[in-house]
Structure formats: structure tokens, C-alpha cells
$ cat start13.txt   # compact mmCIF, C-alpha atoms
# COMPACT_ATOMS: atom_id res chain seq x y z
CA MET A 23 -19.00 -7.30 3.14
CA SER A 24 -16.39 -5.74 0.89
CA GLU A 25 -17.93 -2.37 0.02
CA PHE A 26 -20.40 0.14 1.37
CA ILE A 27 -22.47 1.97 -1.22
CA VAL A 28 -22.98 5.49 0.13
CA ASP A 29 -24.34 8.83 -1.03
CA ALA A 30 -23.64 12.46 -0.17
CA ASP A 31 -26.09 12.44 2.74
CA VAL A 32 -24.43 9.41 4.37
CA LEU A 33 -21.03 11.06 4.18
CA ALA A 34 -22.32 14.45 5.32
CA ASN A 35 -23.85 12.87 8.41
CA ALA A 36 -21.09 10.33 9.12
CA ARG A 37 -19.64 10.68 12.59
CA PHE A 38 -16.35 9.81 14.23
CA GLY A 39 -16.39 8.92 17.90
CA THR A 40 -15.44 6.55 20.68
CA SER A 41 -17.26 3.63 22.26
CA GLN A 42 -16.42 2.27 25.69
CA LEU A 43 -18.10 -1.02 24.74
CA THR A 44 -16.01 -1.32 21.57
CA GLU A 45 -12.89 -0.52 23.60
CA THR A 46 -13.84 -3.21 26.12
CA VAL A 47 -14.42 -5.85 23.44
CA SER A 48 -11.08 -4.90 21.87
CA ALA A 49 -9.44 -5.41 25.28
CA LEU A 50 -11.08 -8.82 25.57
CA LYS A 51 -9.73 -9.80 22.16
CA MET A 52 -6.20 -8.81 23.15
CA LEU A 53 -6.42 -10.74 26.41
CA ARG A 54 -7.26 -13.85 24.37
CA GLU A 55 -4.03 -13.67 22.34
CA PRO A 56 -1.08 -14.26 24.68
CA SER A 57 1.27 -15.17 21.83
CA LYS A 58 0.83 -11.87 20.01
CA PRO A 59 3.22 -8.95 20.67
CA TRP A 60 0.59 -6.17 20.67
CA TYR A 61 0.14 -4.47 24.04
CA ARG A 62 2.14 -7.21 25.71
CA ALA A 63 2.95 -5.34 28.95
CA TRP A 64 -0.73 -4.47 29.50
CA ARG A 65 -1.83 -8.02 28.70
CA ASP A 66 0.80 -9.63 30.92
CA THR A 67 -0.43 -7.46 33.79
CA HIS A 68 -4.09 -8.41 33.45
CA ARG A 69 -4.11 -11.92 32.00
CA PRO A 70 -3.69 -13.87 35.29
CA ALA A 71 -6.79 -12.23 36.81
CA TYR A 72 -8.65 -12.66 33.51
CA GLU A 73 -7.88 -16.40 33.41
CA ALA A 74 -8.96 -16.74 37.04
CA GLN A 75 -12.30 -15.10 36.26
CA LEU A 76 -12.94 -17.43 33.33
CA ALA A 77 -12.12 -20.42 35.51
CA ALA A 78 -14.58 -19.19 38.14
CA HIS A 79 -17.38 -18.46 35.63
CA PRO A 80 -18.04 -21.36 33.21
CA VAL A 81 -20.57 -19.35 31.18
CA TRP A 82 -18.04 -16.52 30.72
CA HIS A 83 -15.46 -19.05 29.55
CA ALA A 84 -17.90 -20.62 27.08
CA LEU A 85 -18.96 -17.21 25.75
CA VAL A 86 -15.36 -16.18 25.13
CA GLU A 87 -14.53 -19.50 23.46
CA GLY A 88 -17.63 -19.38 21.29
CA ALA A 89 -17.81 -15.72 20.30
CA PHE A 90 -14.46 -15.25 18.55
CA GLY A 91 -13.52 -17.03 15.34
CA LYS A 92 -10.59 -16.55 13.00
CA ARG A 93 -12.50 -14.12 10.77
CA TRP A 94 -15.75 -13.44 12.58
CA THR A 95 -16.91 -12.18 15.96
CA ALA A 96 -20.41 -12.96 17.19
CA ASP A 97 -22.68 -10.10 16.13
CA PHE A 98 -24.04 -9.32 19.61
CA LEU A 99 -20.56 -8.23 20.72
CA THR A 100 -20.02 -5.83 17.82
CA VAL A 101 -23.30 -3.88 17.64
CA PRO A 102 -22.44 -0.18 17.20
CA PRO A 103 -23.65 2.31 19.81
CA LEU A 104 -26.75 4.43 19.29
CA ALA A 105 -24.51 7.53 19.46
CA PRO A 106 -20.77 8.17 19.75
CA ASN A 107 -19.00 8.76 23.07
CA LEU A 108 -21.56 7.03 25.33
CA GLN A 109 -20.74 5.63 28.77
CA LEU A 110 -20.42 1.85 29.04
CA GLU A 111 -23.64 1.42 31.01
CA ASP A 112 -25.60 3.31 28.36
CA GLU A 113 -24.31 0.87 25.75
CA LEU A 114 -24.89 -2.21 27.92
CA ARG A 115 -28.52 -1.37 28.71
CA PRO A 116 -29.95 -2.52 25.35
CA PHE A 117 -27.25 -5.19 25.10
CA SER A 118 -28.38 -6.81 28.36
CA GLU A 119 -31.94 -7.16 27.06
CA LEU A 120 -31.06 -9.39 24.10
CA PRO A 121 -32.95 -12.73 24.16
CA ASP A 122 -31.07 -15.97 24.70
CA GLU A 123 -32.08 -17.26 21.27
CA GLN A 124 -30.44 -14.29 19.55
CA ILE A 125 -27.22 -14.83 21.52
CA ARG A 126 -27.25 -18.52 20.58
CA ALA A 127 -27.94 -17.73 16.91
CA ASP A 128 -25.03 -15.26 16.80
CA LEU A 129 -22.71 -17.74 18.48
CA ALA A 130 -23.73 -20.56 16.12
CA VAL A 131 -22.45 -18.52 13.16
CA VAL A 132 -18.99 -18.57 14.72
CA ARG A 133 -18.88 -22.00 16.32
CA SER A 134 -21.23 -24.98 16.28
CA PRO A 135 -22.41 -27.06 18.06
CA LEU A 136 -22.65 -24.96 21.21
CA PRO A 137 -21.62 -26.43 24.56
CA ALA A 138 -24.48 -27.37 26.89
CA VAL A 139 -23.82 -24.41 29.18
CA LEU A 140 -24.77 -22.11 26.27
CA ALA A 141 -27.24 -24.34 24.42
CA GLU A 142 -29.33 -24.84 27.56
CA GLY A 143 -28.41 -21.81 29.66
CA THR A 144 -30.52 -18.73 30.28
CA GLY A 145 -29.67 -15.09 30.92
CA LEU A 146 -26.78 -15.24 28.44
CA ALA A 147 -26.89 -11.52 27.60
CA ARG A 148 -26.79 -10.65 31.30
CA GLN A 149 -23.78 -12.95 31.78
CA ALA A 150 -22.01 -11.43 28.79
CA ALA A 151 -22.69 -7.93 30.14
CA GLU A 152 -21.20 -8.90 33.50
CA LEU A 153 -18.09 -10.24 31.78
CA LEU A 154 -17.70 -6.99 29.85
CA ARG A 155 -18.20 -4.91 32.99
CA TRP A 156 -15.39 -6.88 34.64
CA ILE A 157 -13.07 -6.40 31.62
CA TRP A 158 -13.82 -2.67 31.65
CA SER A 159 -13.45 -2.05 35.37
CA GLU A 160 -10.36 -4.21 35.87
CA THR A 161 -8.35 -3.65 32.69
CA VAL A 162 -9.50 -0.49 30.89
CA GLU A 163 -11.22 2.04 33.16
CA ALA A 164 -8.16 3.27 35.05
CA ASP A 165 -6.37 3.94 31.76
CA TRP A 166 -9.42 5.36 29.97
CA PRO A 167 -8.56 9.08 30.40
CA ARG A 168 -5.22 8.54 28.64
CA ARG A 169 -6.73 6.24 26.03
CA HIS A 170 -9.54 8.70 25.38
CA ARG A 171 -7.06 11.54 24.75
CA VAL A 172 -5.24 9.35 22.21
CA LEU A 173 -8.50 8.40 20.49
CA GLN A 174 -9.73 12.00 20.38
CA ALA A 175 -6.43 13.20 18.94
CA ASP A 176 -6.74 10.66 16.14
CA ILE A 177 -10.36 11.68 15.45
CA VAL A 178 -9.52 15.38 15.31
CA SER A 179 -6.55 14.73 13.05
CA ARG A 180 -8.69 12.75 10.61
CA THR A 181 -11.69 15.05 10.48
CA SER A 182 -9.47 18.10 10.00
CA ARG A 183 -8.33 16.65 6.65
CA LEU A 184 -11.82 16.59 5.17
CA SER A 185 -11.92 20.14 3.79
CA GLU A 186 -8.57 19.85 2.01
CA GLN A 187 -8.21 16.17 1.13
CA GLY A 188 -11.78 14.88 0.96
CA TRP A 189 -12.81 11.43 2.10
CA SER A 190 -9.80 9.78 0.50
CA GLY A 191 -7.59 11.77 2.90
CA VAL A 192 -9.79 11.05 5.91
CA LEU A 193 -9.74 7.31 5.24
CA ARG A 194 -6.04 7.10 4.40
CA GLY A 195 -4.34 4.91 6.97
CA LEU A 196 -7.63 3.81 8.55
CA GLY A 197 -6.77 0.22 7.70
CA PRO A 198 -4.81 -1.61 4.98
CA ASP A 199 -7.98 -2.54 3.07
CA VAL A 200 -10.10 0.59 3.68
CA ARG A 201 -10.14 3.10 0.86
CA TRP A 202 -12.40 5.49 -0.99
CA LEU A 203 -13.03 4.04 -4.47
CA GLY A 204 -15.10 6.93 -5.77
CA ASP A 205 -18.58 6.87 -7.29
CA GLY A 206 -20.15 6.32 -3.89
CA ARG A 207 -18.09 3.19 -3.13
CA LEU A 208 -16.24 2.76 0.14
CA GLN A 209 -14.13 -0.40 0.38
CA VAL A 210 -14.18 -1.71 3.96
CA ASN A 211 -12.28 -4.99 3.57
CA ARG A 212 -11.19 -7.59 1.01
CA SER A 213 -13.80 -10.21 1.87
CA ASP A 214 -15.70 -11.62 -1.07
CA PHE A 215 -19.16 -10.36 -0.13
CA PRO A 216 -21.65 -8.40 -2.25
CA PRO A 217 -21.65 -4.61 -1.75
CA THR A 218 -23.92 -3.35 1.04
CA ASP A 219 -26.12 -0.40 0.15
CA ILE A 220 -26.28 1.92 3.17
CA ARG A 221 -27.72 4.95 1.41
CA GLY A 222 -30.24 6.62 3.67
CA ARG A 223 -28.67 5.04 6.74
CA ASP A 224 -26.23 6.12 9.48
CA LEU A 225 -22.47 5.50 9.31
CA MET A 226 -20.12 5.82 12.27
CA PHE A 227 -16.33 5.50 12.51
CA ILE A 228 -15.17 4.30 15.94
CA ALA A 229 -11.55 4.80 16.98
CA THR A 230 -10.32 2.08 19.31
CA HIS A 231 -7.23 0.30 20.57
CA SER A 232 -7.37 -2.78 18.38
CA ARG A 233 -5.43 -4.76 15.80
CA GLY A 234 -7.57 -4.15 12.76
CA VAL A 235 -10.71 -2.76 11.17
CA ASN A 236 -14.05 -4.35 12.03
CA VAL A 237 -17.44 -3.83 10.38
CA SER A 238 -20.59 -3.86 12.50
CA TRP A 239 -24.25 -3.00 12.20
CA ARG A 240 -27.44 -2.44 14.11
CA LEU A 241 -30.06 -3.33 11.54
CA PRO A 242 -31.81 -1.86 9.76
CA ASP A 243 -30.22 1.57 9.73
CA ARG A 244 -26.90 1.83 11.61
CA PHE A 245 -23.51 0.74 10.32
CA ALA A 246 -20.03 1.28 11.73
CA LEU A 247 -16.33 0.71 11.14
CA SER A 248 -14.13 0.42 14.20
CA TYR A 249 -10.48 1.06 13.36
CA PRO A 250 -7.13 0.99 15.17
CA VAL A 251 -6.14 4.39 16.46
CA ALA A 252 -2.96 5.75 14.85
CA GLY A 253 0.14 4.68 16.74
CA VAL A 254 -1.83 2.40 19.07
CA PHE A 255 1.06 -0.03 19.48
CA ALA A 256 3.89 2.47 19.14
CA ALA A 257 5.75 3.42 22.25
CA VAL A 258 5.78 7.13 23.09
CA LYS A 259 9.32 8.34 22.62
CA PRO A 260 10.73 10.12 25.66
CA LEU A 261 11.53 13.77 25.21
CA ALA A 262 15.19 14.67 24.89
CA GLU A 263 16.33 16.15 28.19
CA PRO A 264 18.24 19.05 26.60
CA LEU A 265 15.00 20.04 24.85
CA VAL A 266 13.08 19.79 28.14
CA ARG A 267 15.67 21.96 29.91
CA LEU A 268 15.47 24.55 27.12
CA LEU A 269 11.68 24.81 26.77
CA GLY A 270 10.13 23.06 29.74
CA ARG A 271 8.43 19.67 29.47
CA ASN A 272 5.02 20.85 28.27
CA ARG A 273 6.32 23.22 25.57
CA ALA A 274 8.79 20.56 24.45
CA ARG A 275 5.95 18.04 24.13
CA ILE A 276 3.84 20.47 22.10
CA LEU A 277 6.74 21.29 19.78
CA VAL A 278 7.43 17.59 19.18
CA GLU A 279 3.72 16.81 18.60
CA ALA A 280 3.65 19.55 15.94
CA ALA A 281 6.08 17.72 13.64
CA ALA A 282 3.08 17.54 11.27
CA PRO A 283 0.20 20.04 11.15
CA ILE A 284 -1.96 19.60 14.24
CA SER A 285 -4.89 21.53 15.69
CA THR A 286 -5.20 23.08 19.13
CA THR A 287 -7.92 20.57 19.98
CA ALA A 288 -5.72 17.65 18.96
CA LEU A 289 -2.88 19.02 21.10
CA VAL A 290 -5.22 19.23 24.08
CA ALA A 291 -6.21 15.59 23.51
CA ALA A 292 -2.63 14.42 22.97
CA THR A 293 -1.08 16.21 25.96
CA GLY A 294 -3.88 16.23 28.52
CA LEU A 295 -3.30 19.94 29.14
CA SER A 296 -6.11 22.47 29.31
CA LEU A 297 -7.07 24.49 26.25
CA ALA A 298 -5.88 27.71 27.87
CA THR A 299 -2.50 26.18 28.75
CA VAL A 300 -1.98 24.78 25.25
CA ALA A 301 -2.98 28.13 23.69
CA ASP A 302 -0.45 29.96 25.87
CA HIS A 303 2.36 27.56 24.96
CA LEU A 304 1.47 27.81 21.26
CA ARG A 305 1.66 31.60 21.45
CA VAL A 306 5.11 31.49 23.06
CA LEU A 307 6.44 28.91 20.58
CA SER A 308 5.04 30.85 17.63
CA ASP A 309 6.47 34.15 18.88
CA ALA A 310 9.85 32.44 19.22
CA GLY A 311 9.72 31.37 15.56
CA LEU A 312 9.50 27.65 16.36
CA LEU A 313 5.94 27.12 15.06
CA GLN A 314 3.95 28.46 12.15
CA ARG A 315 0.19 28.48 11.88
CA ARG A 316 -2.57 28.54 9.29
CA ARG A 317 -6.34 28.43 9.51
CA SER A 318 -8.05 25.39 7.98
CA GLY A 319 -11.83 25.73 8.05
CA ARG A 320 -12.85 26.21 11.67
CA GLN A 321 -9.48 25.11 13.04
CA VAL A 322 -6.03 26.62 13.27
CA LEU A 323 -3.21 24.20 12.49
CA TYR A 324 0.32 24.51 13.91
CA TRP A 325 3.52 22.89 12.72
CA GLN A 326 7.25 23.27 13.15
CA THR A 327 9.18 25.92 11.26
CA PRO A 328 12.60 24.85 9.96
CA THR A 329 14.07 26.38 13.14
CA GLY A 330 11.52 24.54 15.25
CA GLN A 331 12.35 21.27 13.53
CA ALA A 332 16.03 21.79 14.16
CA VAL A 333 15.40 22.54 17.84
CA ALA A 334 13.04 19.56 18.26
CA THR A 335 15.39 17.07 16.60
CA GLY A 336 18.64 18.53 17.91
CA SER A 337 19.99 18.80 14.39

$ encode --input "start13.txt" --output "C-alpha cells"
Amino acid sequence: MSEFIVDADVLANARFGTSQLTETVSALKMLREPSKPWYRAWRDTHRPAYEAQLAAHPVWHALVEGAFGKRWTADFLTVPPLAPNLQLEDELRPFSELPDEQIRADLAVVRSPLPAVLAEGTGLARQAAELLRWIWSETVEADWPRRHRVLQADIVSRTSRLSEQGWSGVLRGLGPDVRWLGDGRLQVNRSDFPPTDIRGRDLMFIATHSRGVNVSWRLPDRFALSYPVAGVFAAVKPLAEPLVRLLGRNRARILVEAAAPISTTALVAATGLSLATVADHLRVLSDAGLLQRRRSGRQVLYWQTPTGQAVATGS
């Protein structure tokens, strides 16, 4: 699947959002790759318990071994949600009802022959759902508020570009192979597959903590791209203490976050502060000549003035 063929209605109705199930599957993928550097501290913390669970649950172990290939993930694990921003249990409800034969068919595309525990087992969707619940509750849930703020900040940043830069600006940086080609053609990867016509269907973009872009579908009418949130593997730089002493930690964080134009909503998501608190800090920083502002559609964007940049960087 190398291209989506879209029309104006698909793009007008396209939605950005989050998916707790997609985030959980992304976490499972990262737990499977101990030799990779991405999210190493998180993985090193959770991998011993993860390996113990697989050892205690042979079906879980077989599902994990069978569902992930070098270039393909079993379809039942990548079905997009019915709507963005659902709770995990809302996404798992239809997932848990999948018949065993569908699970086996999806697995066979990735790896064949299947081990006996999968070829002859029953209740495979229920077992897979239990595995995902464990991954969520033990490795993701406690960190979800912070993760969700990061995801929402990325979504707001992207969607705010639409009025000025069009879809080429929104998609820029989504993934190395994702780009707007024009004439209703959206390149989603470099695989040698025929274009997929999704005119008249739903398209969703799902921000997640992952390594790359993945295409998924819920036939016949729902398609999605999950993409790595901006800066997912970048460490958050600590604030310079002289800047903190000058402005206070929260105002210093807001000034640093506004190195590029950013909306109030995105600042709320990035900092975890309330809207009223962020608005108050923005007013103070603007009055001090450290930030400038401009309306863009329904949003007001803030960014550093030359003085603000000098203060933020200590130059």
C-alpha cells in the first residue's frame, strides 16, 4: 500500500487523535526489541516482568512471536478505533469478539505454519485482549497523562498548520516516506503496492509513541495512519537554572516551548498546566516583550521575540 487516493471530502473529514490500543501495541513492539536504543530506560524497567508473563502464558508468547514480522503486523492488532481518543476498554470490546479463524488467518499472513497452541487453541482474541490489558496496566497507564499531553501537543501543532500550509505542511515530518503528492494522492510508504482508493471513506491520523508510520484499516470504510509523535525519543532538556530563577519554572518552560510558534492549547498539553494558568503566564511574558502573538484561524500563536530568544538561550 504505497498511496491513498483521496478527495476533498476525505481530507475535510480527516481526524487526528489518540488511541490507547495503538499506544499499547506500540509499547508491546518496543518491549520485543531489547537491542534497539529507543526508549531503553522504559524498556529495561518493564522487560523482566514482561518476559515473566510470556513464560507464564504460552498462548501470549505464541501470539507475540506470531503477530510481528519484519515488515508486517497481524491485522487484528492494528485495526483503527471507531473514533479517536477512546478508552482502552472501548477499543477492546469489538476486538475481543473476533473469531478464532480470523485471528489464525491474520497470523498466517505473518508466520506459517502456526504452532499447535494457536492452530488448535480457542478464545484467541480473548487471550490477546488480556495480554494487551496487562501491557497497558503495567507499562503504559501510569505514564499515560504525560504521554497524552505530548501526543495532544503534536496533534495541535500539526492541525494548526492546515490553514497556512495546507496538507503538505500538516504531513511534513509525519514520517520519512509520508508526503502529499498532489492531485488527490497521499503517499503513505514506499512499498510496491497498488494505490488504495479511499474516496468516500474515513481517514484518521493517530499520534503514538512508536518507531515509524503504520497503515491500518477496518474494512470497508475506515483507514488510518499511526505515526511517531514529534520528539518521541528525544530527551527533554532541563531548564537553565538562571532562567528559572529569573522567570519561575512555569514561565521559563512556556518561554522555551515558544521557540517556534505554538498555540495556547498546545502549551497546555505540553506543560500540563491549566488553561487559565498558561493564559496568565502568556500575558506576563508578552507584556514583558519576551513573546509576540498573532491569530491564525481560531487559534492565537505565540513565539519568542528577539529579546525573548536571547533570554531563553542566555545569549

$ closest_atom_pairs --input "start13.txt" --of "range 179-290 of chain A" --to "range 26-35 of chain A" --cutoff "9 Å" --atoms "all atoms listed in the file" --output "CSV"
residue,atom,partner,partner_atom,distance
A:Trp189,CA,A:Leu33,CA,8.5
A:Asp205,CA,A:Ile27,CA,8.7
A:Gly206,CA,A:Val28,CA,5.0
A:Arg207,CA,A:Ile27,CA,4.9
A:Leu208,CA,A:Phe26,CA,5.1
A:Gln209,CA,A:Phe26,CA,6.4
A:Val210,CA,A:Phe26,CA,7.0
A:Pro217,CA,A:Phe26,CA,5.8
A:Thr218,CA,A:Phe26,CA,5.0
A:Asp219,CA,A:Ile27,CA,4.6
A:Ile220,CA,A:Val28,CA,5.7
A:Arg221,CA,A:Val28,CA,4.9
A:Gly222,CA,A:Val32,CA,6.5
A:Arg223,CA,A:Val32,CA,6.5
A:Asp224,CA,A:Val32,CA,6.3
A:Leu225,CA,A:Val32,CA,6.6
A:Met226,CA,A:Asn35,CA,8.9

$ closest_residue --input "start13.txt" --among "A:Tyr249, A:Pro80, A:Thr286, A:Leu50" --to "Leu99 in chain A" --atoms "all atoms listed in the file"
A:Leu50

$ atom_distance --input "start13.txt" --atom1 "CA of Leu43 in chain A" --atom2 "CA of Leu114 in chain A"
7.6 Å

$ closest_atom_pairs --input "start13.txt" --of "range 103-129 of chain A" --to "range 156-166 of chain A" --cutoff "12 Å" --atoms "only C-alpha atoms" --output "JSON lines"
{"residue": "A:Gln109", "atom": "CA", "partner": "A:Glu163", "partner_atom": "CA", "distance": 11.1}
{"residue": "A:Leu110", "atom": "CA", "partner": "A:Trp158", "partner_atom": "CA", "distance": 8.4}
{"residue": "A:Glu111", "atom": "CA", "partner": "A:Trp158", "partner_atom": "CA", "distance": 10.7}
{"residue": "A:Leu114", "atom": "CA", "partner": "A:Trp158", "partner_atom": "CA", "distance": 11.7}

$ residues_around --input "start13.txt" --residues "Trp94 in chain A" --least-positions-apart "4" --cutoff "12 Å" --atoms "all atoms listed in the file" --output "number ranges by chain"
A: 23, 51, 88-90, 98-100, 128-133, 213, 235-238

$ closest_residue --input "start13.txt" --among "A:Ala141, A:Leu154, A:Val278, A:Leu104" --to "Ala49 in chain A" --atoms "all atoms listed in the file"
A:Leu154

$ residues_around --input "start13.txt" --residues "Ala147 in chain A" --least-positions-apart "2" --cutoff "8 Å" --atoms "all atoms listed in the file" --output "list in words"
Phe117, Ser118, Glu119, Leu120, Pro121, Asp122, Ile125, Gly145, Gln149, Ala150 and Ala151 of chain A

$ decode --input "start13.txt" --residues "range 208-231 of chain A" --atoms "N, CA, C and O atoms" --output "PDB file, in the first residue's frame"
ATOM      1  N   LEU A 208      -1.887  10.707  -1.707  1.00  0.00           N
ATOM      2  CA  LEU A 208      -1.166  10.776  -0.438  1.00  0.00           C
ATOM      3  C   LEU A 208      -0.268   9.554  -0.333  1.00  0.00           C
ATOM      4  O   LEU A 208      -0.743   8.421  -0.220  1.00  0.00           O
ATOM      5  N   GLN A 209       1.048   9.766  -0.428  1.00  0.00           N
ATOM      6  CA  GLN A 209       1.985   8.654  -0.271  1.00  0.00           C
ATOM      7  C   GLN A 209       2.086   8.286   1.197  1.00  0.00           C
ATOM      8  O   GLN A 209       2.309   9.138   2.046  1.00  0.00           O
ATOM      9  N   VAL A 210       1.916   6.993   1.506  1.00  0.00           N
ATOM     10  CA  VAL A 210       1.945   6.547   2.901  1.00  0.00           C
ATOM     11  C   VAL A 210       3.189   5.721   3.217  1.00  0.00           C
ATOM     12  O   VAL A 210       3.585   5.612   4.380  1.00  0.00           O
ATOM     13  N   ASN A 211       3.797   5.111   2.213  1.00  0.00           N
ATOM     14  CA  ASN A 211       5.055   4.393   2.403  1.00  0.00           C
ATOM     15  C   ASN A 211       5.654   4.101   1.035  1.00  0.00           C
ATOM     16  O   ASN A 211       5.102   4.504   0.005  1.00  0.00           O
ATOM     17  N   ARG A 212       6.782   3.403   1.011  1.00  0.00           N
ATOM     18  CA  ARG A 212       7.465   3.119  -0.252  1.00  0.00           C
ATOM     19  C   ARG A 212       7.251   1.679  -0.721  1.00  0.00           C
ATOM     20  O   ARG A 212       7.923   1.210  -1.641  1.00  0.00           O
ATOM     21  N   SER A 213       6.337   0.980  -0.092  1.00  0.00           N
ATOM     22  CA  SER A 213       6.059  -0.399  -0.502  1.00  0.00           C
ATOM     23  C   SER A 213       5.488  -0.426  -1.911  1.00  0.00           C
ATOM     24  O   SER A 213       4.798   0.501  -2.345  1.00  0.00           O
ATOM     25  N   ASP A 214       5.770  -1.487  -2.624  1.00  0.00           N
ATOM     26  CA  ASP A 214       5.349  -1.607  -4.012  1.00  0.00           C
ATOM     27  C   ASP A 214       3.968  -2.248  -4.093  1.00  0.00           C
ATOM     28  O   ASP A 214       3.808  -3.388  -4.526  1.00  0.00           O
ATOM     29  N   PHE A 215       2.950  -1.501  -3.635  1.00  0.00           N
ATOM     30  CA  PHE A 215       1.577  -1.966  -3.706  1.00  0.00           C
ATOM     31  C   PHE A 215       0.774  -1.009  -4.584  1.00  0.00           C
ATOM     32  O   PHE A 215       1.113   0.173  -4.696  1.00  0.00           O
ATOM     33  N   PRO A 216      -0.305  -1.480  -5.193  1.00  0.00           N
ATOM     34  CA  PRO A 216      -1.151  -0.575  -5.977  1.00  0.00           C
ATOM     35  C   PRO A 216      -1.768   0.491  -5.078  1.00  0.00           C
ATOM     36  O   PRO A 216      -1.960   0.274  -3.875  1.00  0.00           O
ATOM     37  N   PRO A 217      -2.092   1.659  -5.618  1.00  0.00           N
ATOM     38  CA  PRO A 217      -2.770   2.694  -4.822  1.00  0.00           C
ATOM     39  C   PRO A 217      -4.094   2.169  -4.280  1.00  0.00           C
ATOM     40  O   PRO A 217      -4.761   1.345  -4.904  1.00  0.00           O
ATOM     41  N   THR A 218      -4.470   2.667  -3.103  1.00  0.00           N
ATOM     42  CA  THR A 218      -5.731   2.289  -2.473  1.00  0.00           C
ATOM     43  C   THR A 218      -6.680   3.473  -2.524  1.00  0.00           C
ATOM     44  O   THR A 218      -6.369   4.549  -2.003  1.00  0.00           O
ATOM     45  N   ASP A 219      -7.801   3.295  -3.157  1.00  0.00           N
ATOM     46  CA  ASP A 219      -8.788   4.357  -3.317  1.00  0.00           C
ATOM     47  C   ASP A 219      -9.656   4.417  -2.066  1.00  0.00           C
ATOM     48  O   ASP A 219     -10.425   3.496  -1.793  1.00  0.00           O
ATOM     49  N   ILE A 220      -9.515   5.482  -1.282  1.00  0.00           N
ATOM     50  CA  ILE A 220     -10.319   5.608  -0.059  1.00  0.00           C
ATOM     51  C   ILE A 220     -11.302   6.778  -0.161  1.00  0.00           C
ATOM     52  O   ILE A 220     -11.801   7.268   0.856  1.00  0.00           O
ATOM     53  N   ARG A 221     -11.590   7.206  -1.376  1.00  0.00           N
ATOM     54  CA  ARG A 221     -12.594   8.251  -1.553  1.00  0.00           C
ATOM     55  C   ARG A 221     -13.942   7.763  -1.032  1.00  0.00           C
ATOM     56  O   ARG A 221     -14.336   6.627  -1.275  1.00  0.00           O
ATOM     57  N   GLY A 222     -14.612   8.638  -0.287  1.00  0.00           N
ATOM     58  CA  GLY A 222     -15.882   8.261   0.310  1.00  0.00           C
ATOM     59  C   GLY A 222     -15.741   7.490   1.605  1.00  0.00           C
ATOM     60  O   GLY A 222     -16.737   7.037   2.177  1.00  0.00           O
ATOM     61  N   ARG A 223     -14.508   7.374   2.115  1.00  0.00           N
ATOM     62  CA  ARG A 223     -14.267   6.626   3.341  1.00  0.00           C
ATOM     63  C   ARG A 223     -13.649   7.534   4.407  1.00  0.00           C
ATOM     64  O   ARG A 223     -13.348   8.688   4.144  1.00  0.00           O
ATOM     65  N   ASP A 224     -13.452   7.002   5.602  1.00  0.00           N
ATOM     66  CA  ASP A 224     -12.915   7.779   6.718  1.00  0.00           C
ATOM     67  C   ASP A 224     -11.404   7.594   6.818  1.00  0.00           C
ATOM     68  O   ASP A 224     -10.891   6.477   6.634  1.00  0.00           O
ATOM     69  N   LEU A 225     -10.699   8.675   7.145  1.00  0.00           N
ATOM     70  CA  LEU A 225      -9.250   8.633   7.340  1.00  0.00           C
ATOM     71  C   LEU A 225      -8.920   9.246   8.693  1.00  0.00           C
ATOM     72  O   LEU A 225      -9.395  10.332   9.024  1.00  0.00           O
ATOM     73  N   MET A 226      -8.100   8.546   9.459  1.00  0.00           N
ATOM     74  CA  MET A 226      -7.697   9.017  10.779  1.00  0.00           C
ATOM     75  C   MET A 226      -6.168   8.985  10.889  1.00  0.00           C
ATOM     76  O   MET A 226      -5.521   8.076  10.358  1.00  0.00           O
ATOM     77  N   PHE A 227      -5.603   9.996  11.546  1.00  0.00           N
ATOM     78  CA  PHE A 227      -4.181  10.041  11.841  1.00  0.00           C
ATOM     79  C   PHE A 227      -4.026   9.875  13.349  1.00  0.00           C
ATOM     80  O   PHE A 227      -4.585  10.651  14.126  1.00  0.00           O
ATOM     81  N   ILE A 228      -3.270   8.852  13.764  1.00  0.00           N
ATOM     82  CA  ILE A 228      -3.157   8.511  15.179  1.00  0.00           C
ATOM     83  C   ILE A 228      -1.725   8.774  15.645  1.00  0.00           C
ATOM     84  O   ILE A 228      -0.778   8.127  15.184  1.00  0.00           O
ATOM     85  N   ALA A 229      -1.558   9.739  16.540  1.00  0.00           N
ATOM     86  CA  ALA A 229      -0.248  10.015  17.122  1.00  0.00           C
ATOM     87  C   ALA A 229       0.054   8.971  18.186  1.00  0.00           C
ATOM     88  O   ALA A 229      -0.800   8.641  19.012  1.00  0.00           O
ATOM     89  N   THR A 230       1.265   8.453  18.172  1.00  0.00           N
ATOM     90  CA  THR A 230       1.622   7.425  19.152  1.00  0.00           C
ATOM     91  C   THR A 230       3.121   7.438  19.403  1.00  0.00           C
ATOM     92  O   THR A 230       3.894   8.021  18.638  1.00  0.00           O
ATOM     93  N   HIS A 231       3.537   6.799  20.479  1.00  0.00           N
ATOM     94  CA  HIS A 231       4.953   6.630  20.772  1.00  0.00           C
ATOM     95  C   HIS A 231       5.418   5.355  20.061  1.00  0.00           C
ATOM     96  O   HIS A 231       5.224   4.245  20.565  1.00  0.00           O
TER      97      HIS A 231
END
